[in-house]
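File shown: run_23.txt. Contents: compact mmCIF, C-alpha atoms.
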```txt
# COMPACT_ATOMS: atom_id res chain seq x y z
CA MET P 659 -139.55 -85.09 61.57
CA ARG P 660 -139.08 -86.42 65.10
CA ILE P 661 -139.84 -83.79 67.75
CA LEU P 662 -138.53 -83.79 71.31
CA LEU P 663 -140.99 -81.65 73.27
CA VAL P 664 -139.31 -80.44 76.47
CA GLY P 665 -141.99 -79.64 79.04
CA ALA P 666 -145.49 -81.03 79.53
CA GLY P 667 -146.92 -78.17 81.57
CA GLY P 668 -149.76 -76.02 80.29
CA VAL P 669 -148.17 -74.94 77.00
CA GLY P 670 -146.33 -78.20 76.35
CA ASP P 671 -149.48 -80.22 76.97
CA ALA P 672 -151.39 -77.98 74.53
CA ILE P 673 -148.64 -78.34 71.89
CA ALA P 674 -148.96 -82.12 72.04
CA LYS P 675 -152.77 -81.96 71.84
CA ILE P 676 -152.72 -79.61 68.84
CA ALA P 677 -150.06 -81.70 67.10
CA ALA P 678 -152.14 -84.86 67.57
CA ARG P 679 -154.47 -83.61 64.81
CA ARG P 680 -151.62 -83.14 62.34
CA SER P 681 -149.73 -85.67 60.22
CA PHE P 682 -146.54 -83.79 59.27
CA PHE P 683 -144.26 -85.52 61.82
CA GLU P 684 -143.28 -89.10 62.57
CA THR P 685 -142.89 -89.02 66.37
CA MET P 686 -143.31 -86.57 69.25
CA ILE P 687 -141.44 -87.40 72.45
CA VAL P 688 -143.33 -85.61 75.24
CA SER P 689 -140.80 -85.12 78.04
CA ASP P 690 -140.84 -83.51 81.47
CA TYR P 691 -138.87 -83.64 84.70
CA ASP P 692 -142.09 -85.10 86.15
CA LEU P 693 -142.62 -88.17 83.98
CA GLY P 694 -146.22 -88.39 85.20
CA ARG P 695 -147.10 -85.09 83.53
CA ALA P 696 -145.71 -86.30 80.19
CA GLU P 697 -147.59 -89.58 80.55
CA ARG P 698 -150.86 -87.73 81.24
CA SER P 699 -150.50 -85.74 78.01
CA VAL P 700 -149.86 -88.91 76.01
CA ALA P 701 -152.77 -90.69 77.72
CA TRP P 702 -155.15 -87.84 76.82
CA ILE P 703 -154.09 -88.04 73.18
CA THR P 704 -154.48 -91.81 73.13
CA GLU P 705 -157.95 -91.56 74.66
CA ARG P 706 -159.10 -88.86 72.22
CA HIS P 707 -157.24 -89.86 69.05
CA GLY P 708 -156.17 -93.47 69.47
CA ASP P 709 -152.64 -94.81 69.70
CA GLN P 710 -151.67 -93.26 66.31
CA GLY P 711 -149.16 -96.02 65.78
CA GLY P 712 -147.16 -94.96 68.81
CA ARG P 713 -146.42 -91.47 67.42
CA PHE P 714 -146.53 -90.03 70.95
CA VAL P 715 -144.23 -91.35 73.68
CA ALA P 716 -143.41 -90.04 77.16
CA ALA P 717 -139.92 -89.54 78.56
CA GLN P 718 -138.24 -88.09 81.64
CA ILE P 719 -135.82 -85.20 81.15
CA ASP P 720 -133.84 -82.71 83.18
CA ALA P 721 -134.11 -79.44 81.26
CA SER P 722 -131.44 -77.83 83.43
CA ASP P 723 -128.78 -80.24 82.12
CA ALA P 724 -127.62 -79.76 78.52
CA ALA P 725 -126.08 -83.24 78.49
CA ALA P 726 -129.40 -84.75 79.55
CA VAL P 727 -131.22 -82.91 76.77
CA GLU P 728 -128.64 -84.15 74.26
CA ARG P 729 -128.92 -87.71 75.57
CA VAL P 730 -132.73 -87.87 75.35
CA ALA P 731 -132.69 -86.27 71.90
CA ARG P 732 -130.16 -88.81 70.64
CA GLU P 733 -131.93 -91.76 72.24
CA HIS P 734 -135.09 -90.93 70.32
CA GLY P 735 -133.46 -89.72 67.12
CA ALA P 736 -134.99 -86.25 67.50
CA THR P 737 -134.59 -83.94 64.50
CA HIS P 738 -136.18 -80.98 66.32
CA VAL P 739 -136.17 -79.91 69.96
CA MET P 740 -139.21 -77.85 71.02
CA ASN P 741 -138.58 -75.89 74.22
CA ALA P 742 -141.81 -75.50 76.23
CA VAL P 743 -140.50 -74.66 79.70
CA GLU P 744 -139.60 -71.46 81.54
CA PRO P 745 -136.99 -69.22 79.88
CA LYS P 746 -134.44 -69.86 82.63
CA PHE P 747 -133.88 -73.24 80.93
CA VAL P 748 -133.19 -71.77 77.48
CA PRO P 749 -129.36 -71.98 77.68
CA THR P 750 -129.23 -75.69 78.52
CA ILE P 751 -131.93 -76.83 76.08
CA PHE P 752 -130.46 -74.61 73.35
CA ALA P 753 -127.00 -76.12 73.88
CA GLY P 754 -128.33 -79.66 74.22
CA ALA P 755 -130.19 -79.43 70.91
CA LEU P 756 -127.11 -78.24 69.02
CA ALA P 757 -124.95 -80.95 70.59
CA ALA P 758 -127.51 -83.54 69.48
CA GLY P 759 -127.45 -82.25 65.89
CA ALA P 760 -131.11 -81.19 66.06
CA ASP P 761 -132.93 -78.01 65.08
CA TYR P 762 -134.41 -75.98 67.93
CA LEU P 763 -137.51 -73.87 68.61
CA ASP P 764 -138.56 -71.88 71.64
CA MET P 765 -141.27 -69.41 72.66
CA ALA P 766 -139.18 -67.23 74.98
CA MET P 767 -135.56 -66.24 74.58
CA SER P 768 -132.54 -66.23 76.88
CA LEU P 769 -132.89 -63.80 79.77
CA SER P 770 -131.33 -60.35 80.15
CA GLN P 771 -128.30 -60.54 82.45
CA PRO P 772 -127.77 -58.48 84.50
CA HIS P 773 -131.14 -56.81 84.28
CA PRO P 774 -131.10 -53.11 83.39
CA THR P 775 -131.63 -51.09 86.56
CA GLU P 776 -131.87 -47.47 85.41
CA PRO P 777 -134.37 -46.15 82.88
CA HIS P 778 -132.81 -45.06 79.58
CA ALA P 779 -129.49 -46.79 80.31
CA LEU P 780 -129.65 -50.19 78.60
CA THR P 781 -126.60 -52.06 79.83
CA GLY P 782 -125.68 -55.71 80.21
CA VAL P 783 -127.02 -58.61 78.17
CA LYS P 784 -130.34 -58.11 76.38
CA LEU P 785 -133.06 -60.72 75.89
CA GLY P 786 -131.80 -63.23 73.33
CA ASP P 787 -128.21 -61.93 73.21
CA GLU P 788 -126.77 -65.24 74.42
CA GLN P 789 -128.57 -67.10 71.63
CA PHE P 790 -127.68 -64.64 68.88
CA ALA P 791 -124.05 -64.82 70.00
CA ALA P 792 -124.09 -68.49 68.94
CA ALA P 793 -125.60 -67.82 65.49
CA ALA P 794 -122.38 -68.56 63.60
CA GLU P 795 -121.99 -71.88 65.38
CA TRP P 796 -125.53 -72.93 64.46
CA GLU P 797 -125.07 -71.77 60.87
CA ALA P 798 -121.78 -73.64 60.53
CA ALA P 799 -123.50 -76.80 61.75
CA GLY P 800 -126.30 -76.30 59.19
CA ARG P 801 -128.85 -76.25 62.01
CA LEU P 802 -131.71 -73.84 62.67
CA ALA P 803 -132.63 -72.25 65.99
CA LEU P 804 -136.02 -70.57 65.51
CA VAL P 805 -136.35 -68.35 68.57
CA GLY P 806 -139.39 -66.54 69.96
CA MET P 807 -141.93 -68.67 68.07
CA GLY P 808 -144.91 -68.60 70.46
CA VAL P 809 -147.77 -66.13 70.26
CA GLU P 810 -145.98 -63.10 71.76
CA PRO P 811 -143.26 -63.30 70.66
CA GLY P 812 -144.10 -65.39 67.61
CA LEU P 813 -147.38 -64.61 65.91
CA SER P 814 -146.87 -60.91 66.63
CA ASP P 815 -143.54 -61.12 64.78
CA VAL P 816 -145.18 -62.90 61.85
CA PHE P 817 -147.67 -60.02 61.72
CA ALA P 818 -144.74 -57.56 61.62
CA ARG P 819 -143.24 -59.33 58.61
CA TYR P 820 -146.64 -59.43 56.88
CA ALA P 821 -147.28 -55.73 57.50
CA ALA P 822 -143.87 -54.75 56.12
CA ASP P 823 -144.20 -56.95 53.02
CA HIS P 824 -147.85 -56.37 52.11
CA LEU P 825 -149.46 -53.42 53.90
CA PHE P 826 -146.97 -50.57 54.41
CA SER P 827 -144.37 -48.70 52.40
CA GLU P 828 -143.01 -47.13 55.58
CA ILE P 829 -143.63 -48.15 59.22
CA ASP P 830 -143.66 -45.66 62.06
CA GLU P 831 -144.37 -48.06 64.93
CA LEU P 832 -144.71 -51.79 65.46
CA GLY P 833 -146.64 -51.97 68.72
CA THR P 834 -147.50 -55.36 70.16
CA ARG P 835 -150.67 -55.00 72.25
CA ASP P 836 -151.97 -57.87 74.41
CA GLY P 837 -155.22 -57.78 76.37
CA ALA P 838 -158.01 -59.99 77.68
CA ASN P 839 -161.27 -60.01 79.61
CA LEU P 840 -160.54 -63.27 81.41
CA VAL P 841 -162.05 -63.93 84.83
CA VAL P 842 -161.11 -66.80 87.19
CA ARG P 843 -163.56 -67.86 89.90
CA ASP P 844 -163.36 -70.13 92.92
CA ASP P 845 -165.78 -72.96 93.71
CA GLU P 846 -168.25 -70.46 95.17
CA GLY P 847 -168.19 -68.32 92.03
CA ASN P 848 -166.13 -65.47 93.49
CA GLU P 849 -163.46 -63.81 91.36
CA ILE P 850 -159.95 -64.73 92.51
CA PHE P 851 -156.41 -63.69 91.63
CA ALA P 852 -154.86 -66.45 89.53
CA PRO P 853 -152.48 -65.57 86.66
CA SER P 854 -153.38 -67.35 83.44
CA PHE P 855 -149.70 -67.76 82.49
CA SER P 856 -146.52 -68.71 84.33
CA ILE P 857 -146.13 -66.31 87.26
CA TRP P 858 -142.36 -66.95 87.17
CA THR P 859 -142.20 -65.63 83.60
CA THR P 860 -144.70 -62.83 84.27
CA ILE P 861 -142.62 -61.52 87.18
CA GLU P 862 -139.51 -61.64 84.97
CA GLU P 863 -141.17 -59.68 82.17
CA CYS P 864 -143.05 -57.13 84.24
CA LEU P 865 -140.55 -56.13 86.92
CA ASN P 866 -137.56 -55.71 84.61
CA PRO P 867 -137.39 -52.22 83.06
CA PRO P 868 -139.19 -52.42 79.70
CA VAL P 869 -137.17 -52.08 76.51
CA VAL P 870 -138.15 -49.77 73.64
CA TRP P 871 -136.44 -49.51 70.26
CA GLU P 872 -136.18 -46.36 68.15
CA LYS P 873 -134.39 -46.16 64.82
CA ASP P 874 -132.33 -43.08 65.69
CA ARG P 875 -131.58 -44.25 69.23
CA GLY P 876 -131.44 -48.04 69.34
CA TRP P 877 -132.61 -50.00 72.39
CA PHE P 878 -133.27 -48.24 75.67
CA THR P 879 -135.27 -48.86 78.83
CA THR P 880 -138.16 -47.10 80.54
CA ALA P 881 -139.61 -47.48 84.02
CA PRO P 882 -141.71 -50.60 84.75
CA PHE P 883 -145.41 -50.11 83.90
CA SER P 884 -144.64 -46.85 82.07
CA GLU P 885 -146.62 -45.05 79.36
CA PRO P 886 -150.09 -46.44 80.20
CA GLU P 887 -152.61 -46.27 77.37
CA VAL P 888 -156.14 -47.56 76.92
CA PHE P 889 -156.29 -49.84 73.89
CA GLU P 890 -159.56 -51.03 72.35
CA PHE P 891 -159.42 -54.79 71.83
CA PRO P 892 -161.74 -56.53 69.34
CA GLU P 893 -164.40 -59.24 69.55
CA GLY P 894 -166.09 -57.95 72.68
CA ILE P 895 -163.01 -57.62 74.89
CA GLY P 896 -163.16 -53.84 74.80
CA PRO P 897 -160.88 -51.20 76.34
CA VAL P 898 -157.94 -52.39 78.44
CA GLU P 899 -155.17 -50.27 79.95
CA CYS P 900 -151.79 -51.47 78.67
CA VAL P 901 -148.31 -50.63 79.96
CA ASN P 902 -144.74 -51.13 78.78
CA VAL P 903 -143.23 -54.53 79.58
CA GLU P 904 -139.85 -56.10 78.73
CA HIS P 905 -140.53 -58.50 75.86
CA GLU P 906 -138.77 -60.28 73.03
CA GLU P 907 -140.59 -58.58 70.14
CA VAL P 908 -138.73 -55.36 70.82
CA LEU P 909 -135.42 -57.25 70.56
CA LEU P 910 -136.46 -59.28 67.52
CA MET P 911 -138.44 -57.08 65.13
CA PRO P 912 -135.76 -54.41 64.46
CA ARG P 913 -133.32 -57.10 63.33
CA TRP P 914 -135.42 -57.91 60.24
CA VAL P 915 -138.17 -55.30 59.84
CA ASP P 916 -137.59 -51.62 59.05
CA ALA P 917 -139.54 -49.44 61.49
CA LYS P 918 -139.01 -46.16 63.34
CA ARG P 919 -140.16 -47.49 66.73
CA VAL P 920 -140.96 -50.88 68.32
CA THR P 921 -142.86 -51.35 71.59
CA PHE P 922 -144.62 -54.00 73.65
CA LYS P 923 -147.52 -53.20 75.96
CA TYR P 924 -149.48 -55.65 78.08
CA GLY P 925 -152.92 -55.28 79.65
CA LEU P 926 -152.22 -56.10 83.30
CA GLY P 927 -154.80 -54.16 85.28
CA ASP P 928 -154.39 -52.22 88.53
CA GLU P 929 -154.74 -55.27 90.79
CA PHE P 930 -152.05 -57.28 89.02
CA ILE P 931 -149.67 -54.30 88.87
CA GLY P 932 -150.19 -53.71 92.59
CA ILE P 933 -149.42 -57.34 93.40
CA LEU P 934 -146.27 -57.31 91.28
CA LYS P 935 -145.06 -54.13 92.97
CA THR P 936 -145.69 -55.69 96.39
CA LEU P 937 -143.76 -58.84 95.46
CA ASN P 938 -140.87 -56.61 94.40
CA GLN P 939 -140.99 -54.56 97.62
CA LEU P 940 -140.92 -57.75 99.70
CA GLY P 941 -138.11 -59.32 97.68
CA LEU P 942 -140.36 -62.18 96.63
CA ASP P 943 -139.51 -61.64 92.96
CA ARG P 944 -135.88 -62.69 93.53
CA THR P 945 -134.54 -65.88 91.98
CA ALA P 946 -131.43 -66.27 94.15
CA PRO P 947 -132.08 -68.89 96.88
CA VAL P 948 -132.48 -67.79 100.48
CA ARG P 949 -132.01 -69.96 103.56
CA VAL P 950 -135.28 -70.76 105.37
CA ARG P 951 -136.35 -73.08 108.15
CA SER P 952 -138.35 -76.22 107.45
CA ALA P 953 -139.52 -79.32 109.31
CA ASN P 954 -136.46 -81.13 107.99
CA GLY P 955 -134.01 -78.38 108.85
CA PRO P 956 -132.71 -75.35 106.90
CA VAL P 957 -133.23 -75.40 103.14
CA GLU P 958 -132.25 -73.11 100.26
CA VAL P 959 -135.23 -71.89 98.22
CA SER P 960 -135.89 -69.21 95.60
CA PRO P 961 -138.54 -66.69 96.74
CA ARG P 962 -139.97 -66.55 93.24
CA ASP P 963 -140.32 -70.33 93.16
CA VAL P 964 -142.25 -70.13 96.44
CA VAL P 965 -144.66 -67.59 94.92
CA ALA P 966 -145.16 -69.84 91.90
CA ALA P 967 -145.76 -72.88 94.11
CA GLY P 968 -148.34 -70.99 96.17
CA LEU P 969 -150.51 -69.99 93.21
CA PRO P 970 -152.72 -72.30 91.13
CA ASP P 971 -151.02 -74.01 88.19
CA PRO P 972 -152.16 -71.98 85.12
CA ALA P 973 -152.77 -75.26 83.28
CA THR P 974 -155.53 -76.15 85.78
CA LEU P 975 -157.47 -72.87 85.54
CA GLY P 976 -159.48 -73.63 82.40
CA PRO P 977 -162.63 -74.94 84.10
CA ARG P 978 -162.74 -71.86 86.36
CA MET P 979 -162.01 -69.32 83.62
CA THR P 980 -164.30 -67.38 81.31
CA GLY P 981 -163.58 -64.85 78.60
CA LYS P 982 -161.22 -64.27 75.71
CA THR P 983 -157.58 -63.35 75.21
CA CYS P 984 -156.23 -61.28 72.31
CA ALA P 985 -152.69 -61.15 70.95
CA GLY P 986 -151.92 -58.66 68.22
CA LEU P 987 -149.80 -56.01 66.56
CA TRP P 988 -150.80 -52.39 66.06
CA VAL P 989 -148.93 -50.93 63.07
CA THR P 990 -148.81 -47.27 62.06
CA GLY P 991 -147.17 -45.63 59.09
CA THR P 992 -147.65 -45.07 55.38
CA GLY P 993 -149.64 -47.55 53.32
CA VAL P 994 -148.57 -48.88 49.95
CA ASP P 995 -150.81 -46.20 48.37
CA GLY P 996 -148.82 -43.44 50.08
CA ALA P 997 -151.59 -42.50 52.53
CA PRO P 998 -151.33 -42.63 56.34
CA ARG P 999 -152.47 -45.99 57.68
CA GLU P 1000 -153.06 -47.74 61.01
CA VAL P 1001 -154.02 -51.40 61.34
CA TYR P 1002 -154.37 -53.92 64.14
CA LEU P 1003 -153.55 -57.52 63.21
CA TYR P 1004 -154.68 -59.99 65.85
CA HIS P 1005 -155.82 -63.42 66.96
CA VAL P 1006 -158.46 -64.05 69.64
CA ALA P 1007 -158.87 -67.29 71.59
CA ASP P 1008 -162.07 -68.02 73.51
CA ASN P 1009 -161.59 -70.09 76.67
CA GLU P 1010 -164.92 -71.87 76.25
CA TRP P 1011 -163.86 -73.13 72.80
CA THR P 1012 -160.30 -74.17 73.72
CA MET P 1013 -161.57 -76.05 76.77
CA ALA P 1014 -164.24 -77.86 74.76
CA GLU P 1015 -161.85 -78.79 71.95
CA TYR P 1016 -158.58 -79.41 73.79
CA GLU P 1017 -159.19 -79.22 77.55
CA ALA P 1018 -156.60 -76.43 77.57
CA GLN P 1019 -157.20 -72.91 78.83
CA CYS P 1020 -157.06 -70.27 76.12
CA VAL P 1021 -153.83 -68.45 77.05
CA VAL P 1022 -151.64 -71.55 76.99
CA TRP P 1023 -153.49 -72.94 73.95
CA GLN P 1024 -152.99 -69.74 71.94
CA THR P 1025 -149.29 -69.78 72.81
CA ALA P 1026 -148.99 -73.43 71.78
CA LEU P 1027 -150.72 -73.09 68.42
CA ASN P 1028 -147.97 -71.11 66.70
CA PRO P 1029 -144.91 -73.35 67.20
CA VAL P 1030 -146.93 -76.29 65.85
CA ILE P 1031 -147.70 -74.31 62.70
CA ALA P 1032 -144.02 -73.35 62.42
CA LEU P 1033 -142.93 -76.97 62.81
CA GLU P 1034 -145.29 -77.98 60.01
CA LEU P 1035 -143.90 -75.27 57.71
CA LEU P 1036 -140.37 -76.52 58.46
CA ALA P 1037 -141.45 -80.11 57.81
CA THR P 1038 -142.92 -79.25 54.40
CA GLY P 1039 -140.00 -77.00 53.42
CA ALA P 1040 -142.17 -73.87 53.21
CA TRP P 1041 -139.82 -72.45 55.85
CA SER P 1042 -136.11 -73.25 55.94
CA GLY P 1043 -132.90 -71.72 57.19
CA ALA P 1044 -129.81 -72.08 59.34
CA GLY P 1045 -128.44 -70.08 62.22
CA VAL P 1046 -130.38 -68.26 64.94
CA LEU P 1047 -133.45 -66.66 63.37
CA GLY P 1048 -136.66 -65.03 64.54
CA PRO P 1049 -140.09 -65.48 62.95
CA GLU P 1050 -139.56 -62.25 60.98
CA ALA P 1051 -136.94 -64.02 58.85
CA PHE P 1052 -139.58 -66.23 57.19
CA ASP P 1053 -142.50 -65.87 54.79
CA ALA P 1054 -145.45 -64.56 56.80
CA ARG P 1055 -148.07 -65.34 54.18
CA ALA P 1056 -147.28 -69.07 54.27
CA PHE P 1057 -147.79 -69.07 58.04
CA LEU P 1058 -150.99 -67.01 58.08
CA ASP P 1059 -152.53 -68.94 55.18
CA LEU P 1060 -151.94 -72.29 56.91
CA MET P 1061 -153.21 -70.90 60.21
CA ALA P 1062 -156.48 -69.58 58.73
CA ARG P 1063 -157.28 -72.36 56.26
CA PRO P 1064 -160.15 -74.62 57.48
CA GLU P 1065 -159.12 -77.90 59.04
CA ALA P 1066 -161.09 -79.74 56.36
CA ASP P 1067 -158.76 -78.18 53.79
CA GLY P 1068 -155.58 -79.07 55.67
CA GLY P 1069 -155.24 -75.91 57.75
CA TYR P 1070 -155.66 -75.06 61.42
CA GLY P 1071 -159.02 -73.30 61.18
CA GLN P 1072 -157.84 -70.23 63.11
CA PRO P 1073 -158.63 -67.05 61.15
CA TRP P 1074 -156.61 -64.02 62.17
CA GLY P 1075 -158.18 -60.59 62.47
CA PHE P 1076 -157.50 -57.39 60.59
CA GLU P 1077 -158.83 -53.97 61.58
CA GLU P 1078 -158.23 -50.64 59.91
CA ARG P 1079 -157.96 -48.01 62.64
CA THR P 1080 -157.71 -44.28 63.08
CA PRO P 1081 -155.94 -42.40 65.89
CA ALA P 1082 -159.34 -41.66 67.49
CA ALA P 1083 -160.07 -45.42 67.76
CA VAL P 1084 -156.93 -46.23 69.71
```

Please express what this file holds, its structure, as structure tokens.
Amino acid sequence: MRILLVGAGGVGDAIAKIAARRSFFETMIVSDYDLGRAERSVAWITERHGDQGGRFVAAQIDASDAAAVERVAREHGATHVMNAVEPKFVPTIFAGALAAGADYLDMAMSLSQPHPTEPHALTGVKLGDEQFAAAAEWEAAGRLALVGMGVEPGLSDVFARYAADHLFSEIDELGTRDGANLVVRDDEGNEIFAPSFSIWTTIEECLNPPVVWEKDRGWFTTAPFSEPEVFEFPEGIGPVECVNVEHEEVLLMPRWVDAKRVTFKYGLGDEFIGILKTLNQLGLDRTAPVRVRSANGPVEVSPRDVVAAGLPDPATLGPRMTGKTCAGLWVTGTGVDGAPREVYLYHVADNEWTMAEYEAQCVVWQTALNPVIALELLATGAWSGAGVLGPEAFDARAFLDLMARPEADGGYGQPWGFEERTPAAV
């Protein structure tokens, strides 16, 4: 396996660092538009783990150009293209991988276009529709596009498959619930506003009307930040208010898992919600360029890109961050014994540990862990397929066993959590 990693930002850098401890692949080409970022990731690996026989190399790439992605993939003989950049680049990387004859993985799917604008009237192109429309082409080529293989989507979808196969005879709701108790501080120790993940992607997810799926209704939208609920997160995180957000799980899970309802709720907090609403009111969430003055004359710039440029790079926040982040799936329904059942399947990442082990903050590290596990399962043949498939299409037990097994025994040493719950506990 020869992996072209597109993007050496926070998540891409963490993917390379996690992969450096594994032996299932021959080469990883760490690429970025900014060659310096790719070189820094490779240098960190070389310093910590040695040259590894040149398994890691840096390359420059333009993710917005499908031909450039194809060219770099062919130059390095890539068998797999791992997309680790913002979802606006999905179409070009997706097309470039297929043209190069390589398999493809991503952690976020093609965007909804145009975005739904009225609650309960889901129109236009849904998340991932553009990729699923090409499924026959990928299948005919004998190539696999594994989409939504991060943590959410990704691990949450693996949990859905596991719950359906091993825990429930009938599922009422698959509810992804994400929360954290992370705090970022400035040099003086004061708490500051600094999103721990790409603000570009966060704006996209949170300001689009959320999508919900119901078996007797299909997909439909609700108002942004709707249906707030307080969810109790494990391992000391505690209660966090979560709200509906547009997310890939809702578009993926119903394709492979039988459930009556599928939702995604994210713990944002009042401050973050207020900031997002203000950005929307001011038009700073828009992606279409606007003409502005500069020292060198008028320039065209996207307001959302300006917001992203004005905030700290999430990859640099680790030393200023404390706390834990939790990704998980709350499942309700009927257990295999015929009795009502509710469980929360989850994984928690502690920023102190991820920084000490990988010099990567916990949110990007947790996202990066799962595609590396998936790549290893594909390399060993434990997972295989062709076409455009989500994580639900594969054996969940193989993934979760490899994830939880101690590193000394060939695993990743990341146990996943399991909590039986009752309605009063949620």

Let me have the centre and edge lengths in Å, one decimal, of the box along x, y and z around every listed atom of region 992-997 of chain P with 6 Å of margin on each side, as lines of an AutoDock Vina configuration file.
```
center_x = -149.6
center_y = -45.7
center_z = 51.9
size_x = 15.9
size_y = 18.4
size_z = 19.0
```

Open item on the list: as a PyMOL selection string, please: the residues near Tyr820 (chain P) (cut-off 12 Å, all atoms listed in the file, same-chain neighbours under 5 positions excluded).
Closed with: chain P and resi 813-815+825-827+829+832+911+914-915+987+989+1001-1003+1049-1059+1076

Taking (-141.5, -89.6, 79.3) in the file's coordinates, which residues come within 7 Å, counting all atoms listed in the file, written as a short mmCIF file (atom, residue, chain, number, x, y, z; two decimals) with C-alpha atoms, keeping the file's coordinate frame?
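File selection-v4.cif, as written:
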```
data_model
loop_
_atom_site.label_atom_id
_atom_site.label_comp_id
_atom_site.auth_asym_id
_atom_site.auth_seq_id
_atom_site.Cartn_x
_atom_site.Cartn_y
_atom_site.Cartn_z
CA VAL P 688 -143.33 -85.61 75.24
CA SER P 689 -140.80 -85.12 78.04
CA ASP P 690 -140.84 -83.51 81.47
CA LEU P 693 -142.62 -88.17 83.98
CA ALA P 696 -145.71 -86.30 80.19
CA GLU P 697 -147.59 -89.58 80.55
CA VAL P 715 -144.23 -91.35 73.68
CA ALA P 716 -143.41 -90.04 77.16
CA ALA P 717 -139.92 -89.54 78.56
CA GLN P 718 -138.24 -88.09 81.64
#
```

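Among P:Ala1007, P:Ala753, P:Ile857, P:Leu934, the residue with the shortest atom-to-atom distance to Gly968 (chain P), counting only C-alpha atoms, is P:Ile857.
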
Open item on the list: When you look at Glu684 (chain P) with a cut-off of 9 Å (counting all atoms listed in the file), what residues show up, excluding the ones that are within fewer than 3 positions of it in the same chain? I need them as a ChimeraX atom specification.
Closed with: /P:659-661,681,713

- [ ] Compile the contact shell of Ile861 (chain P) as a PyMOL selection string: residues with an atom at most 9 Å away, counting all atoms listed in the file, same-chain residues fewer than 5 positions apart removed.
- [x] chain P and resi 856+866+934+937-938+943+962

Filtering to C-alpha atoms, could you give me those residues as a short mmCIF file (atom, residue, chain, number, x, y, z; two decimals), in the coordinates of the input?
```
data_model
loop_
_atom_site.label_atom_id
_atom_site.label_comp_id
_atom_site.auth_asym_id
_atom_site.auth_seq_id
_atom_site.Cartn_x
_atom_site.Cartn_y
_atom_site.Cartn_z
CA SER P 856 -146.52 -68.71 84.33
CA ASN P 866 -137.56 -55.71 84.61
CA LEU P 934 -146.27 -57.31 91.28
CA LEU P 937 -143.76 -58.84 95.46
CA ASN P 938 -140.87 -56.61 94.40
CA ASP P 943 -139.51 -61.64 92.96
CA ARG P 962 -139.97 -66.55 93.24
#
```

- [ ] Please provide as an NGL selection string all residues within 7 Å of region 837-854 of chain P, with the sequence filter that same-chain residues fewer than 2 positions apart are discarded (counting all atoms listed in the file).
- [x] :P and (835 or 857 or 891 or 895 or 898 or 924-925 or 969-970 or 972 or 978-985 or 1021)

Open item on the list: Please determine, counting all atoms listed in the file, which residue among P:Gly735, P:Gly1068, P:Pro1073, P:Pro772 has the shortest atom-to-atom distance to Leu785 (chain P).
Closed with: P:Pro772

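The interatomic distance for the pair CA of Val727 (chain P) and CA of Ala755 (chain P) works out to 6.9 Å.
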
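Atom pair CA of Ala757 (chain P) / CA of Leu804 (chain P): separated by 16.0 Å.
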
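Distances to Pro897 (chain P) were evaluated for P:Glu929, P:Asp836, P:Glu863, P:Glu885 using all atoms listed in the file, and the minimum falls at P:Asp836.
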
- [ ] Compare P:Leu865, P:Asp764, P:Arg913, P:Pro892 by their minimum atom-to-atom distance to Gly941 (chain P), counting all atoms listed in the file, and give me the closest one.
- [x] P:Leu865

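Using only C-alpha atoms, the shortest contact distance between Ala666 (chain P) and any of P:Ala792, P:Ala1026, P:Val994, P:Ala758 is found at P:Ala1026.
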
Give as a short mmCIF file (atom, residue, chain, number, x, y, z; two decimals) with C-alpha atoms, keeping the file's coordinate frame every residue, naming chains and numbers as the document does, that has an atom within 10 Å of (-157.4, -50.2, 85.1), counting all atoms listed in the file.
```
data_model
loop_
_atom_site.label_atom_id
_atom_site.label_comp_id
_atom_site.auth_asym_id
_atom_site.auth_seq_id
_atom_site.Cartn_x
_atom_site.Cartn_y
_atom_site.Cartn_z
CA PRO P 886 -150.09 -46.44 80.20
CA GLU P 887 -152.61 -46.27 77.37
CA VAL P 888 -156.14 -47.56 76.92
CA PRO P 897 -160.88 -51.20 76.34
CA VAL P 898 -157.94 -52.39 78.44
CA GLU P 899 -155.17 -50.27 79.95
CA CYS P 900 -151.79 -51.47 78.67
CA GLY P 925 -152.92 -55.28 79.65
CA LEU P 926 -152.22 -56.10 83.30
CA GLY P 927 -154.80 -54.16 85.28
CA ASP P 928 -154.39 -52.22 88.53
CA GLU P 929 -154.74 -55.27 90.79
CA PHE P 930 -152.05 -57.28 89.02
CA ILE P 931 -149.67 -54.30 88.87
#
```
